[in-house]
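Have a look at the structure below, then the notes.
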Amino acid sequence: MNCPFCDYHDSKVIDSRDVNEGIRRRRQCLSCGSRFTTYERLQPTSLFVIKKDQRREEFSKDKLLTGIRKACEKRPLPTGTVDRLADDIEAELYHRGKAEIPSTLIGDMVMERLKSLDYIAYIRFASVYREFADITALKQEIDTLVTDEVGESSPTAQLSLIPAEELEVVAKRRQRSRG
Ligand SMILES: [Zn+2]
């Protein structure tokens, strides 16, 4: 794939790792030197999403991208952030090695990542996904964010792109905490 930062067509592989049904590669752009992760599936396995009404639907990365893009519209995020987020979530979903994934889990994954990336995008996504019944519920969610932020990094600092390694750490920590 082209560099998500400068769109240059060539990159070198700096690390490869076998993950479920595929290979995760860390790459470095030969033009701008940025690092990014690609995930290659050896055998495309079908992944189904269990929706809230229990219907199954084949996982669509395009749908995932559309949802994230909408939330991130006009936000000052670095180029490639949305694609990277979707790539990362897709990789984690396949990495789980399950044939069916509840849609709520995917929503949670998006929310968790957006939360550490951009609050506005997070709130936008959450308001659609969690279908906040009223403004009170929405306000409570925002209050949680404000509380979380005390003593932590400023919102501006959050706009920097999260290195893939950190996302992996977060993902692993989550898996562990969920047992
Ligand atoms: Zn580049």
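Following the order of the structure tokens, first chain is A, next is B, and so on, with residues numbered from 1 inside each chain and ligands from 1 in the order they appear.
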
* Asked: If you count only C-alpha atoms, which residues fall within 10 Å of region 62-71 of chain A, apart from same-chain ones fewer than 2 positions away, as a PyMOL selection string?
  -> chain A and resi 59-60+73-75+81-87+89-90+106-107+110-111+114+118+120-129

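Residues in contact with ligand 1 (atom pairs separated by at most 8 Å; only C-alpha atoms and all ligand atoms) are Asn2, Cys3, Pro4, Phe5, Cys6, Asp7, Tyr8, Gln28, Cys29, Leu30, Ser31, Cys32, Gly33 and Ser34 of chain A.
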
Write out, as a PDB file, in the first residue's frame, the residues just selected, with C-alpha atoms.
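Result went into again_5.pdb, see below:
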ATOM      1  CA  ASN A   2       1.027   3.609  -0.455  1.00  0.00           C
ATOM      2  CA  CYS A   3       2.422   5.604   2.438  1.00  0.00           C
ATOM      3  CA  PRO A   4      -0.554   6.942   4.431  1.00  0.00           C
ATOM      4  CA  PHE A   5       1.367  10.140   5.089  1.00  0.00           C
ATOM      5  CA  CYS A   6       2.842  11.160   1.737  1.00  0.00           C
ATOM      6  CA  ASP A   7       1.281   8.575  -0.613  1.00  0.00           C
ATOM      7  CA  TYR A   8       4.669   7.372  -1.824  1.00  0.00           C
ATOM      8  CA  GLN A  28       8.862   2.523   6.760  1.00  0.00           C
ATOM      9  CA  CYS A  29       8.161   4.856   3.864  1.00  0.00           C
ATOM     10  CA  LEU A  30      11.163   5.193   1.559  1.00  0.00           C
ATOM     11  CA  SER A  31      10.277   8.782   0.826  1.00  0.00           C
ATOM     12  CA  CYS A  32       9.281  10.501   4.081  1.00  0.00           C
ATOM     13  CA  GLY A  33      10.475   7.882   6.563  1.00  0.00           C
ATOM     14  CA  SER A  34       7.119   7.567   8.333  1.00  0.00           C
TER      15      SER A  34
END

* Quick one: everything within 9 Å of Ala91 (chain A), counting only C-alpha atoms, minus sequence neighbours fewer than 3 positions away in the same chain. Send it as an NGL selection string. => :A and (19 or 24 or 38-40 or 86-88 or 94-96)

Take the residues that were just selected and, keeping N, CA and C atoms, output them as an mmCIF file, in the first residue's frame.
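Written output follows (part_0.cif):
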data_model
loop_
_atom_site.group_PDB
_atom_site.id
_atom_site.type_symbol
_atom_site.label_atom_id
_atom_site.label_comp_id
_atom_site.auth_asym_id
_atom_site.auth_seq_id
_atom_site.Cartn_x
_atom_site.Cartn_y
_atom_site.Cartn_z
ATOM 1 N N VAL A 19 0.240 -13.177 12.587
ATOM 2 C CA VAL A 19 -0.904 -13.075 13.478
ATOM 3 C C VAL A 19 -1.946 -14.010 12.885
ATOM 4 N N ARG A 24 1.321 -9.299 9.998
ATOM 5 C CA ARG A 24 1.330 -7.873 10.291
ATOM 6 C C ARG A 24 2.740 -7.370 9.994
ATOM 7 N N THR A 38 0.899 -2.574 8.089
ATOM 8 C CA THR A 38 -0.056 -3.178 7.169
ATOM 9 C C THR A 38 -0.391 -4.568 7.683
ATOM 10 N N TYR A 39 -1.550 -5.015 7.289
ATOM 11 C CA TYR A 39 -1.983 -6.325 7.724
ATOM 12 C C TYR A 39 -2.388 -7.099 6.483
ATOM 13 N N GLU A 40 -1.720 -8.207 6.261
ATOM 14 C CA GLU A 40 -2.030 -8.990 5.066
ATOM 15 C C GLU A 40 -2.671 -10.302 5.462
ATOM 16 N N ALA A 86 -9.158 2.394 10.971
ATOM 17 C CA ALA A 86 -9.960 1.302 10.423
ATOM 18 C C ALA A 86 -9.087 0.067 10.183
ATOM 19 N N ASP A 87 -7.890 0.285 9.662
ATOM 20 C CA ASP A 87 -6.951 -0.834 9.436
ATOM 21 C C ASP A 87 -6.670 -1.554 10.742
ATOM 22 N N ASP A 88 -6.429 -0.742 11.756
ATOM 23 C CA ASP A 88 -6.067 -1.300 13.051
ATOM 24 C C ASP A 88 -7.214 -2.129 13.632
ATOM 25 N N TYR A 94 -9.735 -9.559 12.963
ATOM 26 C CA TYR A 94 -9.289 -10.827 12.377
ATOM 27 C C TYR A 94 -8.358 -11.560 13.329
ATOM 28 N N HIS A 95 -7.607 -10.766 14.055
ATOM 29 C CA HIS A 95 -6.659 -11.339 15.002
ATOM 30 C C HIS A 95 -7.383 -12.154 16.078
ATOM 31 N N ARG A 96 -8.595 -11.763 16.369
ATOM 32 C CA ARG A 96 -9.362 -12.500 17.387
ATOM 33 C C ARG A 96 -9.680 -13.914 16.938
#

* Asked: Could you name the residues that touch Ile14 (chain A) at 9 Å or less, counting only C-alpha atoms, but leaving out those on the same chain fewer than 6 positions away, as a PyMOL selection string?
  -> chain A and resi 25-28

* Asked: When you draw a straight line from CA of Pro78 (chain A) to CA of Gln140 (chain A), how long is it in Å?
  -> 28.6 Å

* Would you kindly return, as a list in words, each protein, DNA or RNA residue with an atom no farther than 10 Å from any atom of Pro102 (chain A), considering only C-alpha atoms and excluding same-chain residues fewer than 6 positions away? =>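 Listing them by chain and then by number gives Phe48, Val49, Ile50, Lys51, Lys52, Gln54 and Arg56 of chain A.
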
Expected file: the selected residues, all heavy atoms, as an mmCIF file, in the first residue's frame:
data_model
loop_
_atom_site.group_PDB
_atom_site.id
_atom_site.type_symbol
_atom_site.label_atom_id
_atom_site.label_comp_id
_atom_site.auth_asym_id
_atom_site.auth_seq_id
_atom_site.Cartn_x
_atom_site.Cartn_y
_atom_site.Cartn_z
ATOM 1 N N PHE A 48 -18.305 -12.189 10.325
ATOM 2 C CA PHE A 48 -19.672 -11.699 10.374
ATOM 3 C C PHE A 48 -19.903 -10.850 11.614
ATOM 4 O O PHE A 48 -19.362 -11.121 12.677
ATOM 5 C CB PHE A 48 -20.664 -12.866 10.330
ATOM 6 C CG PHE A 48 -20.794 -13.434 8.956
ATOM 7 C CD1 PHE A 48 -19.914 -14.420 8.509
ATOM 8 C CD2 PHE A 48 -21.765 -12.954 8.086
ATOM 9 C CE1 PHE A 48 -20.012 -14.925 7.217
ATOM 10 C CE2 PHE A 48 -21.872 -13.458 6.796
ATOM 11 C CZ PHE A 48 -20.993 -14.447 6.355
ATOM 12 N N VAL A 49 -20.700 -9.837 11.407
ATOM 13 C CA VAL A 49 -21.036 -8.939 12.499
ATOM 14 C C VAL A 49 -22.436 -9.284 12.987
ATOM 15 O O VAL A 49 -23.360 -9.421 12.188
ATOM 16 C CB VAL A 49 -20.999 -7.473 12.011
ATOM 17 C CG1 VAL A 49 -21.396 -6.528 13.130
ATOM 18 C CG2 VAL A 49 -19.614 -7.128 11.476
ATOM 19 N N ILE A 50 -22.556 -9.471 14.306
ATOM 20 C CA ILE A 50 -23.871 -9.724 14.884
ATOM 21 C C ILE A 50 -24.457 -8.377 15.274
ATOM 22 O O ILE A 50 -23.925 -7.685 16.142
ATOM 23 C CB ILE A 50 -23.794 -10.613 16.137
ATOM 24 C CG1 ILE A 50 -22.935 -11.848 15.860
ATOM 25 C CG2 ILE A 50 -25.179 -10.993 16.620
ATOM 26 C CD1 ILE A 50 -22.589 -12.640 17.101
ATOM 27 N N LYS A 51 -25.521 -8.015 14.618
ATOM 28 C CA LYS A 51 -26.107 -6.703 14.886
ATOM 29 C C LYS A 51 -26.996 -6.751 16.130
ATOM 30 O O LYS A 51 -27.260 -7.811 16.685
ATOM 31 C CB LYS A 51 -26.883 -6.240 13.655
ATOM 32 C CG LYS A 51 -25.952 -6.262 12.440
ATOM 33 C CD LYS A 51 -26.626 -5.837 11.169
ATOM 34 C CE LYS A 51 -27.182 -4.436 11.283
ATOM 35 N NZ LYS A 51 -27.349 -3.819 9.946
ATOM 36 N N LYS A 52 -27.442 -5.559 16.516
ATOM 37 C CA LYS A 52 -28.232 -5.478 17.749
ATOM 38 C C LYS A 52 -29.492 -6.320 17.700
ATOM 39 O O LYS A 52 -29.936 -6.853 18.709
ATOM 40 C CB LYS A 52 -28.595 -4.015 18.049
ATOM 41 C CG LYS A 52 -27.435 -3.266 18.697
ATOM 42 C CD LYS A 52 -27.769 -1.797 18.905
ATOM 43 C CE LYS A 52 -26.535 -1.049 19.404
ATOM 44 N NZ LYS A 52 -26.657 0.401 19.221
ATOM 45 N N GLN A 54 -29.696 -9.086 16.305
ATOM 46 C CA GLN A 54 -29.222 -10.468 16.143
ATOM 47 C C GLN A 54 -29.034 -10.919 14.696
ATOM 48 O O GLN A 54 -28.668 -12.057 14.441
ATOM 49 C CB GLN A 54 -30.139 -11.481 16.869
ATOM 50 C CG GLN A 54 -30.192 -11.287 18.379
ATOM 51 C CD GLN A 54 -28.812 -11.358 19.027
ATOM 52 O OE1 GLN A 54 -28.070 -12.308 18.849
ATOM 53 N NE2 GLN A 54 -28.428 -10.316 19.773
ATOM 54 N N ARG A 56 -27.124 -11.279 11.207
ATOM 55 C CA ARG A 56 -25.712 -11.350 10.832
ATOM 56 C C ARG A 56 -25.495 -10.623 9.518
ATOM 57 O O ARG A 56 -26.318 -10.719 8.620
ATOM 58 C CB ARG A 56 -25.283 -12.810 10.640
ATOM 59 C CG ARG A 56 -24.637 -13.418 11.849
ATOM 60 C CD ARG A 56 -25.640 -13.675 12.938
ATOM 61 N NE ARG A 56 -25.089 -14.555 13.977
ATOM 62 C CZ ARG A 56 -25.638 -14.718 15.154
ATOM 63 N NH1 ARG A 56 -26.740 -14.064 15.472
ATOM 64 N NH2 ARG A 56 -25.086 -15.531 16.028
#

* Go through A:Met1, A:Ser16, A:Ser11, A:Ser46 and flag the residue nearest Lys98 (chain A), using only C-alpha atoms for the distances. =>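 Result for the nearest residue to Lys98 (chain A): A:Ser46.
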
* Identify which of the residues A:Asp15, A:Cys72, A:Glu57, A:Ala99 lies closest to Arg113 (chain A), counting only C-alpha atoms when measuring atom-to-atom distances. =>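 Selected residue with least distance to Arg113 (chain A): A:Cys72.
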